[in-house]
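One file, data-v1.cif, is given below (mmCIF, C-alpha atoms).
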data_run
loop_
_atom_site.label_atom_id
_atom_site.label_comp_id
_atom_site.auth_asym_id
_atom_site.auth_seq_id
_atom_site.Cartn_x
_atom_site.Cartn_y
_atom_site.Cartn_z
CA MET A 18 -114.36 -5.91 -228.27
CA SER A 19 -117.38 -3.85 -227.30
CA GLU A 20 -117.30 -1.29 -224.53
CA ARG A 21 -119.71 -3.33 -222.41
CA THR A 22 -117.49 -6.41 -222.66
CA ALA A 23 -114.40 -4.36 -221.77
CA ALA A 24 -116.17 -2.93 -218.73
CA ARG A 25 -117.22 -6.40 -217.63
CA LEU A 26 -113.64 -7.65 -217.97
CA ARG A 27 -112.32 -4.69 -215.97
CA ARG A 28 -114.82 -5.38 -213.19
CA ARG A 29 -113.87 -9.03 -213.15
CA LEU A 30 -110.14 -8.20 -213.06
CA ALA A 31 -110.70 -5.67 -210.27
CA ALA A 32 -112.74 -8.15 -208.23
CA HIS A 33 -110.10 -10.91 -208.47
CA SER A 34 -107.20 -8.51 -207.80
CA ARG A 35 -109.02 -6.89 -204.88
CA ARG A 36 -109.58 -10.30 -203.35
CA VAL A 37 -105.83 -10.93 -203.47
CA VAL A 38 -104.78 -7.46 -202.28
CA ASP A 39 -107.20 -7.44 -199.34
CA SER A 40 -106.12 -10.87 -198.13
CA GLY A 41 -104.03 -11.21 -194.99
CA ALA A 42 -101.46 -13.39 -196.77
CA PHE A 43 -100.75 -10.65 -199.32
CA THR A 44 -100.29 -8.01 -196.61
CA THR A 45 -98.00 -10.28 -194.58
CA THR A 46 -95.94 -11.17 -197.64
CA VAL A 47 -95.40 -7.56 -198.68
CA PHE A 48 -94.49 -6.54 -195.13
CA CYS A 49 -91.96 -9.38 -194.93
CA LEU A 50 -90.48 -8.29 -198.28
CA ILE A 51 -90.09 -4.71 -197.01
CA THR A 52 -88.43 -5.98 -193.82
CA ALA A 53 -86.09 -8.24 -195.79
CA ASN A 54 -85.24 -5.34 -198.10
CA ALA A 55 -84.32 -3.23 -195.06
CA ALA A 56 -82.14 -6.04 -193.73
CA LEU A 57 -80.43 -6.30 -197.13
CA LEU A 58 -79.61 -2.59 -197.02
CA GLY A 59 -78.04 -3.07 -193.60
CA VAL A 60 -75.96 -6.01 -194.81
CA GLU A 61 -74.62 -3.96 -197.74
CA THR A 62 -72.99 -1.51 -195.32
CA TYR A 63 -70.33 -4.16 -194.59
CA THR A 64 -67.65 -3.96 -197.27
CA GLY A 65 -66.37 -7.52 -196.81
CA VAL A 66 -69.83 -9.01 -197.28
CA VAL A 67 -70.44 -6.92 -200.40
CA HIS A 68 -67.16 -8.06 -201.99
CA GLN A 69 -67.82 -11.71 -201.20
CA TRP A 70 -71.53 -11.86 -202.06
CA HIS A 71 -71.77 -9.11 -204.68
CA ALA A 72 -73.59 -11.22 -207.30
CA ALA A 73 -76.05 -12.70 -204.79
CA LEU A 74 -76.85 -9.29 -203.30
CA LYS A 75 -77.38 -7.86 -206.78
CA ALA A 76 -79.74 -10.70 -207.69
CA ALA A 77 -81.65 -10.23 -204.43
CA GLU A 78 -82.09 -6.53 -205.21
CA HIS A 79 -83.53 -7.37 -208.64
CA LEU A 80 -85.90 -9.88 -207.05
CA PHE A 81 -87.11 -7.31 -204.54
CA LEU A 82 -87.67 -4.77 -207.32
CA ALA A 83 -89.64 -7.34 -209.35
CA ALA A 84 -91.75 -8.27 -206.31
CA PHE A 85 -92.55 -4.64 -205.50
CA THR A 86 -93.40 -3.98 -209.15
CA ALA A 87 -95.81 -6.93 -209.15
CA GLU A 88 -97.37 -5.60 -205.95
CA ILE A 89 -98.00 -2.16 -207.50
CA LEU A 90 -99.49 -3.77 -210.61
CA LEU A 91 -101.83 -5.84 -208.43
CA ARG A 92 -102.92 -2.76 -206.49
CA ALA A 93 -103.56 -0.90 -209.74
CA ALA A 94 -105.49 -3.87 -211.13
CA ALA A 95 -107.66 -3.88 -207.99
CA ARG A 96 -108.86 -0.43 -209.10
CA ALA A 97 -109.21 -1.30 -212.78
CA ASP A 98 -112.93 -0.52 -212.71
CA ARG A 99 -112.26 2.89 -211.08
CA PRO A 100 -108.67 3.94 -211.93
CA GLY A 101 -109.05 7.35 -210.30
CA ASP A 102 -109.41 5.73 -206.87
CA PHE A 103 -105.87 4.36 -207.13
CA PHE A 104 -104.34 7.82 -207.42
CA ARG A 105 -106.55 9.30 -204.68
CA ASP A 106 -104.68 7.24 -202.10
CA PRO A 107 -101.42 9.05 -201.18
CA TRP A 108 -99.76 5.76 -200.21
CA ASN A 109 -100.39 4.33 -203.69
CA VAL A 110 -98.83 7.42 -205.28
CA PHE A 111 -95.82 7.18 -202.95
CA ASP A 112 -95.34 3.47 -203.68
CA LEU A 113 -95.69 4.07 -207.42
CA LEU A 114 -93.04 6.82 -207.38
CA VAL A 115 -90.61 4.79 -205.30
CA VAL A 116 -90.87 1.77 -207.60
CA THR A 117 -91.04 3.48 -210.99
CA VAL A 118 -88.15 5.88 -210.37
CA ALA A 119 -85.91 2.85 -209.79
CA PHE A 120 -86.31 2.01 -213.51
CA VAL A 121 -85.12 5.46 -214.64
CA PRO A 122 -81.59 5.21 -216.13
CA PHE A 123 -80.34 8.18 -214.08
CA ALA A 124 -81.38 6.54 -210.81
CA ARG A 125 -79.93 3.15 -211.76
CA GLU A 126 -76.57 4.66 -212.71
CA ASN A 127 -76.30 6.86 -209.61
CA ALA A 128 -75.46 4.72 -206.60
CA THR A 129 -76.42 7.39 -204.07
CA VAL A 130 -79.86 8.00 -205.60
CA LEU A 131 -80.45 4.25 -205.88
CA ARG A 132 -79.61 3.74 -202.19
CA LEU A 133 -81.98 6.55 -201.19
CA LEU A 134 -84.75 5.01 -203.28
CA ARG A 135 -84.17 1.64 -201.69
CA LEU A 136 -84.22 3.29 -198.29
CA ALA A 137 -87.54 4.94 -199.18
CA ARG A 138 -89.02 1.47 -199.64
CA VAL A 139 -88.57 0.93 -195.91
CA LEU A 140 -91.00 3.79 -195.28
CA ARG A 141 -93.65 1.79 -197.14
CA ALA A 142 -93.94 -0.38 -194.03
CA ALA A 143 -95.99 2.45 -192.51
CA ARG A 144 -99.00 1.57 -194.67
CA PHE A 145 -99.18 -1.83 -192.97
CA LEU A 146 -98.82 -0.44 -189.42
CA PRO A 147 -101.91 1.63 -188.51
CA GLN A 148 -100.33 3.37 -185.50
CA LEU A 149 -97.25 4.41 -187.48
CA ARG A 150 -99.49 5.54 -190.33
CA ILE A 151 -101.44 7.73 -187.90
CA VAL A 152 -98.21 9.33 -186.66
CA ILE A 153 -97.01 10.07 -190.21
CA VAL A 154 -100.36 11.57 -191.19
CA ALA A 155 -100.35 13.61 -187.98
CA VAL A 156 -96.90 14.98 -188.78
CA GLY A 157 -98.13 16.07 -192.21
CA LYS A 158 -101.22 17.72 -190.73
CA SER A 159 -99.17 19.53 -188.09
CA LEU A 160 -96.88 21.20 -190.64
CA PRO A 161 -98.99 24.41 -191.00
CA GLY A 162 -99.15 24.82 -187.23
CA THR A 163 -95.46 23.98 -186.92
CA LEU A 164 -94.61 26.66 -189.48
CA SER A 165 -96.44 29.24 -187.38
CA PHE A 166 -94.58 27.97 -184.32
CA LEU A 167 -91.24 28.36 -186.12
CA LEU A 168 -92.07 31.93 -187.16
CA VAL A 169 -93.02 32.91 -183.62
CA GLY A 170 -89.94 31.13 -182.25
CA ALA A 171 -87.65 32.85 -184.75
CA LEU A 172 -89.13 36.25 -183.81
CA LEU A 173 -88.64 35.50 -180.11
CA LEU A 174 -85.05 34.40 -180.65
CA TYR A 175 -84.27 37.48 -182.73
CA VAL A 176 -85.69 39.94 -180.19
CA TYR A 177 -83.98 38.34 -177.20
CA ALA A 178 -80.72 37.90 -179.13
CA MET A 179 -80.66 41.60 -179.94
CA VAL A 180 -81.41 42.48 -176.31
CA GLY A 181 -78.68 40.10 -175.14
CA TRP A 182 -76.20 41.59 -177.61
CA VAL A 183 -76.96 45.10 -176.37
CA PHE A 184 -76.51 44.29 -172.66
CA PHE A 185 -73.99 41.41 -172.59
CA ALA A 186 -71.79 41.78 -175.71
CA ASP A 187 -69.02 43.71 -173.97
CA ASP A 188 -68.87 41.52 -170.84
CA ASP A 189 -69.56 38.11 -172.48
CA PRO A 190 -68.45 38.28 -176.13
CA GLU A 191 -68.10 34.50 -176.33
CA HIS A 192 -71.87 34.02 -176.04
CA TYR A 193 -73.30 37.42 -177.04
CA GLY A 194 -70.55 38.99 -179.17
CA SER A 195 -72.70 38.87 -182.33
CA LEU A 196 -76.26 38.20 -183.34
CA GLY A 197 -75.41 34.68 -184.49
CA ARG A 198 -73.68 33.75 -181.22
CA ALA A 199 -76.54 35.21 -179.20
CA VAL A 200 -79.10 33.21 -181.20
CA LEU A 201 -77.08 30.00 -180.74
CA THR A 202 -76.76 30.62 -177.00
CA LEU A 203 -80.48 31.28 -176.60
CA PHE A 204 -81.40 28.27 -178.71
CA LEU A 205 -79.41 26.06 -176.35
CA LEU A 206 -81.03 27.79 -173.38
CA MET A 207 -84.44 26.99 -174.87
CA THR A 208 -83.60 23.31 -174.30
CA LEU A 209 -82.56 24.24 -170.70
CA ASP A 210 -79.02 23.12 -171.51
CA GLY A 211 -76.52 25.11 -169.45
CA LEU A 212 -79.19 27.36 -167.97
CA GLY A 213 -77.54 27.46 -164.53
CA ASP A 214 -74.16 28.56 -165.92
CA ALA A 215 -75.82 31.21 -168.10
CA VAL A 216 -77.79 32.64 -165.17
CA ARG A 217 -74.71 32.76 -162.93
CA ALA A 218 -72.70 34.49 -165.65
CA GLY A 219 -75.54 36.97 -166.17
CA LEU A 220 -75.80 37.73 -162.45
CA GLU A 221 -72.11 38.62 -162.41
CA ILE A 222 -72.87 41.26 -165.03
CA SER A 223 -76.12 42.59 -163.56
CA ARG A 224 -78.66 41.37 -161.04
CA TRP A 225 -81.41 42.46 -163.43
CA SER A 226 -80.33 39.80 -165.90
CA ILE A 227 -82.49 37.33 -163.99
CA LEU A 228 -85.54 38.98 -165.54
CA TYR A 229 -84.05 38.49 -169.00
CA PHE A 230 -83.37 34.76 -168.54
CA ALA A 231 -86.56 34.05 -166.58
CA SER A 232 -88.81 35.67 -169.20
CA PHE A 233 -87.01 33.95 -172.07
CA VAL A 234 -87.20 30.50 -170.47
CA LEU A 235 -90.86 31.06 -169.59
CA LEU A 236 -91.78 32.05 -173.15
CA GLY A 237 -89.40 29.83 -175.08
CA SER A 238 -89.24 26.62 -173.06
CA PHE A 239 -92.73 26.48 -171.60
CA VAL A 240 -95.21 28.52 -173.63
CA LEU A 241 -93.87 27.79 -177.13
CA VAL A 242 -93.08 24.13 -176.49
CA ASN A 243 -96.52 23.54 -174.98
CA LEU A 244 -98.09 25.22 -177.99
CA LEU A 245 -96.16 22.87 -180.27
CA ILE A 246 -97.29 19.87 -178.22
CA GLY A 247 -100.88 21.08 -178.52
CA VAL A 248 -100.57 21.34 -182.30
CA VAL A 249 -99.16 17.82 -182.53
CA ILE A 250 -101.82 16.33 -180.24
CA ASN A 251 -104.58 18.01 -182.25
CA SER A 252 -103.08 16.62 -185.45
CA LEU A 253 -102.89 13.16 -183.89
CA GLN A 254 -106.59 13.30 -183.02
CA GLU A 255 -107.49 14.36 -186.56
CA ALA A 256 -105.32 11.61 -188.04
CA SER A 257 -106.88 9.00 -185.73
CA ALA A 258 -110.38 10.10 -186.73
CA LEU A 259 -109.40 9.99 -190.41
CA GLU A 260 -107.90 6.52 -190.03
CA ALA A 261 -111.01 5.28 -188.21
CA GLY A 262 -113.21 6.62 -191.02
CA GLN A 263 -111.10 4.86 -193.66
CA ASP A 264 -111.22 1.56 -191.81
CA ARG A 265 -115.03 1.45 -191.78
CA PRO A 266 -116.31 -1.02 -194.37
CA VAL A 267 -118.02 0.71 -197.23
CA PRO A 268 -121.13 -1.14 -198.45
CA ALA A 269 -120.63 -2.51 -201.91
CA GLN A 270 -122.72 -0.79 -204.54
CA PRO A 271 -123.50 -2.35 -207.90
CA PRO A 272 -121.97 -0.67 -210.93
CA PRO A 273 -124.14 1.79 -212.85
CA ALA A 274 -124.78 -0.75 -215.60
CA GLU A 275 -126.14 -3.33 -213.14
CA GLU A 276 -128.23 -0.67 -211.41
CA SER A 277 -129.91 0.23 -214.71
CA ILE A 278 -130.60 -3.44 -215.44
CA LEU A 279 -132.18 -3.94 -212.01
CA ALA A 280 -134.32 -0.83 -212.43
CA LEU A 281 -135.43 -1.99 -215.90
CA ARG A 282 -136.44 -5.39 -214.54
CA ALA A 283 -138.45 -3.75 -211.75
CA ARG A 284 -140.29 -1.55 -214.27
CA ILE A 285 -141.08 -4.60 -216.46
CA ALA A 286 -142.46 -6.47 -213.44
CA ASP A 287 -144.66 -3.48 -212.55
CA ALA A 288 -145.93 -3.27 -216.15
CA ARG A 289 -146.80 -6.99 -216.14
CA ARG A 290 -148.75 -6.67 -212.91
CA THR A 291 -150.65 -3.68 -214.32
CA LEU A 292 -151.52 -5.62 -217.49
CA ASP A 293 -152.74 -8.58 -215.46
CA ASP A 294 -155.00 -6.30 -213.43
CA LEU A 295 -156.43 -4.74 -216.62
CA GLU A 296 -157.09 -8.12 -218.21
CA ALA A 297 -158.83 -9.30 -215.06
CA GLY A 298 -161.09 -6.23 -215.13
CA LEU A 299 -161.95 -6.57 -218.85
CA GLU A 300 -163.00 -10.23 -218.73
CA PRO A 301 -166.86 -10.47 -219.37
CA SER A 302 -168.91 -11.99 -216.64
CA VAL A 303 -170.40 -15.36 -217.78
CA PRO A 304 -174.08 -15.87 -216.67
CA PRO A 305 -174.67 -19.06 -214.75
CA ARG A 306 -176.39 -21.94 -216.63
CA ARG A 307 -179.84 -23.08 -215.59
#

Could you write out this structure as structure tokens?
Amino acid sequence: MSERTAARLRRRLAAHSRRVVDSGAFTTTVFCLITANAALLGVETYTGVVHQWHAALKAAEHLFLAAFTAEILLRAAARADRPGDFFRDPWNVFDLLVVTVAFVPFARENATVLRLLRLARVLRAARFLPQLRIVIVAVGKSLPGTLSFLLVGALLLYVYAMVGWVFFADDDPEHYGSLGRAVLTLFLLMTLDGLGDAVRAGLEISRWSILYFASFVLLGSFVLVNLLIGVVINSLQEASALEAGQDRPVPAQPPPAEESILALRARIADARRTLDDLEAGLEPSVPPRR
């Protein structure tokens, strides 16, 4: 088989597979399979049902695995003419890993790993729900900003925990007797849980403790949390813009081979017109008969 014939077959396979994958029926079917798989996982948490319907549940799991494998093969076939595009989509890579790892002997023999893999299939529903997909992408984009937030928060907790240990360790060892207890107490105060009791206990030790708690709550519960909200909102906007750009229809472009054929035909037509003009100019003028 020549390379040109193989390329033509790949384009034909990709066109037919893409027509199936992009159809609404295919999307609805896969989403229903993912939902049914999630329901099957919930049913298997009941011991009595598992003992009574063990064979049927096992057969259903094999059917789900076969259906998801066929889905991945169809998605890969839809990119047969450009295989690199399949791996550029993170959702395709995630789906491929979730399905292929289930065939590894280690995963099939380990019940815990197999349950986690089956649970990961439920996350595949996000690719069919645009809003949920935007949230997941936004969470991934907010990780660098969240890391900075965690570093600043850890520094704030450490400084205030050390200050609390210095001033309150002797009078309130239950909450500030060590660095770990002070950090745990302040972390709970950051959520405003038990703030009133902590302030009253601090005022019994010193009236100046109000400055300690007020500054910590201001920085920890208001400034830092608002910064985190800002990071998440910014990531949501970026994810929404990215999703909107991906949803725009891309105009279909002919493959390079077809482009070269079209260009060659245009050049041949131009050459024929030029030859016709030359022949018309070279024809001798015939004198009229008397």

Exercise. List, as a list in words, every residue that the PyMOL selection byres ((chain A and resi 227-233) around 9) selects in the file provided.
Key: Leu173, Leu174, Tyr177, Val180, Gly181, Leu203, Leu206, Met207, Leu212, Ala215, Val216, Gly219, Leu220, Ser223, Arg224, Trp225, Ser226, Val234, Leu235, Leu236, Gly237 and Ser238 of chain A

Go ahead and save the picked residues with C-alpha atoms, as a PDB file, in the frame of the given file.
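What follows is the written file out_24.pdb:
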ATOM      1  CA  LEU A 173     -88.640  35.500-180.110  1.00  0.00           C
ATOM      2  CA  LEU A 174     -85.050  34.400-180.650  1.00  0.00           C
ATOM      3  CA  TYR A 177     -83.980  38.340-177.200  1.00  0.00           C
ATOM      4  CA  VAL A 180     -81.410  42.480-176.310  1.00  0.00           C
ATOM      5  CA  GLY A 181     -78.680  40.100-175.140  1.00  0.00           C
ATOM      6  CA  LEU A 203     -80.480  31.280-176.600  1.00  0.00           C
ATOM      7  CA  LEU A 206     -81.030  27.790-173.380  1.00  0.00           C
ATOM      8  CA  MET A 207     -84.440  26.990-174.870  1.00  0.00           C
ATOM      9  CA  LEU A 212     -79.190  27.360-167.970  1.00  0.00           C
ATOM     10  CA  ALA A 215     -75.820  31.210-168.100  1.00  0.00           C
ATOM     11  CA  VAL A 216     -77.790  32.640-165.170  1.00  0.00           C
ATOM     12  CA  GLY A 219     -75.540  36.970-166.170  1.00  0.00           C
ATOM     13  CA  LEU A 220     -75.800  37.730-162.450  1.00  0.00           C
ATOM     14  CA  SER A 223     -76.120  42.590-163.560  1.00  0.00           C
ATOM     15  CA  ARG A 224     -78.660  41.370-161.040  1.00  0.00           C
ATOM     16  CA  TRP A 225     -81.410  42.460-163.430  1.00  0.00           C
ATOM     17  CA  SER A 226     -80.330  39.800-165.900  1.00  0.00           C
ATOM     18  CA  VAL A 234     -87.200  30.500-170.470  1.00  0.00           C
ATOM     19  CA  LEU A 235     -90.860  31.060-169.590  1.00  0.00           C
ATOM     20  CA  LEU A 236     -91.780  32.050-173.150  1.00  0.00           C
ATOM     21  CA  GLY A 237     -89.400  29.830-175.080  1.00  0.00           C
ATOM     22  CA  SER A 238     -89.240  26.620-173.060  1.00  0.00           C
TER      23      SER A 238
END

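Relative to atom CA of A:Val37, atom CA of A:Arg99 is found at 17.0 Å.
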
Quiz item: Between atom CA of A:Val38 and atom CA of A:Val139, what is the spacing in Å?
Solution: 19.3 Å

Quiz item: Written as a PyMOL selection string, which residues does the PyMOL selection byres ((chain A and resi 116-119) around 8) give for the file shown?
Solution: chain A and resi 82+85-86+112-115+120-121+124-125+131+134

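Among the candidates A:Thr202, A:Ser252, A:Ser40, A:Thr52, the one nearest to A:Val154 when counting all atoms listed in the file is A:Ser252.
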
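Using only C-alpha atoms for every distance, the candidate list A:Val248, A:Leu259, A:Leu196, A:Ala23 yields A:Val248 as the residue closest to A:Gly162.
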
Exercise. Could you give me, as JSON, numbers by chain, the residues within 12 Å of A:Leu245, counting all atoms listed in the file and dropping anything in the same chain fewer than 4 positions from it?
Key: {"A": [156, 159, 160, 161, 162, 163, 164, 165, 166, 167, 169, 170, 237, 238, 239, 240, 241, 249, 250, 251, 252]}

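Relative to atom CA of A:Arg135, atom CA of A:Trp70 is found at 18.5 Å.
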
Practice problem: Tell me which residues the PyMOL selection byres ((chain A and resi 199) around 12) grabs here, as a ChimeraX atom specification. | Solution: /A:174-186,189-198,200-206,215

Quiz item: Hey, what's within 12 Å of stretch 53-64 of chain A if we count only C-alpha atoms and toss same-chain stuff fewer than 3 positions away? As number ranges by chain, please?
Solution: A: 46-50, 67-71, 73-82, 84-85, 131-142

Around (-112.9, 2.0, -214.2), as given in the file, which residues come within 9 Å? Count all atoms listed in the file and list them as a PDB file with C-alpha atoms, in the coordinates of the input.
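Result file is out-v3.pdb:
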ATOM      1  CA  ALA A  24    -116.170  -2.930-218.730  1.00  0.00           C
ATOM      2  CA  ARG A  27    -112.320  -4.690-215.970  1.00  0.00           C
ATOM      3  CA  ARG A  28    -114.820  -5.380-213.190  1.00  0.00           C
ATOM      4  CA  ALA A  31    -110.700  -5.670-210.270  1.00  0.00           C
ATOM      5  CA  ARG A  96    -108.860  -0.430-209.100  1.00  0.00           C
ATOM      6  CA  ALA A  97    -109.210  -1.300-212.780  1.00  0.00           C
ATOM      7  CA  ASP A  98    -112.930  -0.520-212.710  1.00  0.00           C
ATOM      8  CA  ARG A  99    -112.260   2.890-211.080  1.00  0.00           C
ATOM      9  CA  PRO A 100    -108.670   3.940-211.930  1.00  0.00           C
ATOM     10  CA  GLY A 101    -109.050   7.350-210.300  1.00  0.00           C
ATOM     11  CA  ASP A 102    -109.410   5.730-206.870  1.00  0.00           C
TER      12      ASP A 102
END

Quiz item: Which one of A:Thr44, A:Thr291, A:Ala258, A:Arg29 sits closest to A:Leu146 if you count only C-alpha atoms?
Solution: A:Thr44

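Considering only C-alpha atoms, the residue among A:Val130, A:Ala288, A:Val66, A:Ile51 positioned nearest to A:Glu88 is A:Ile51.
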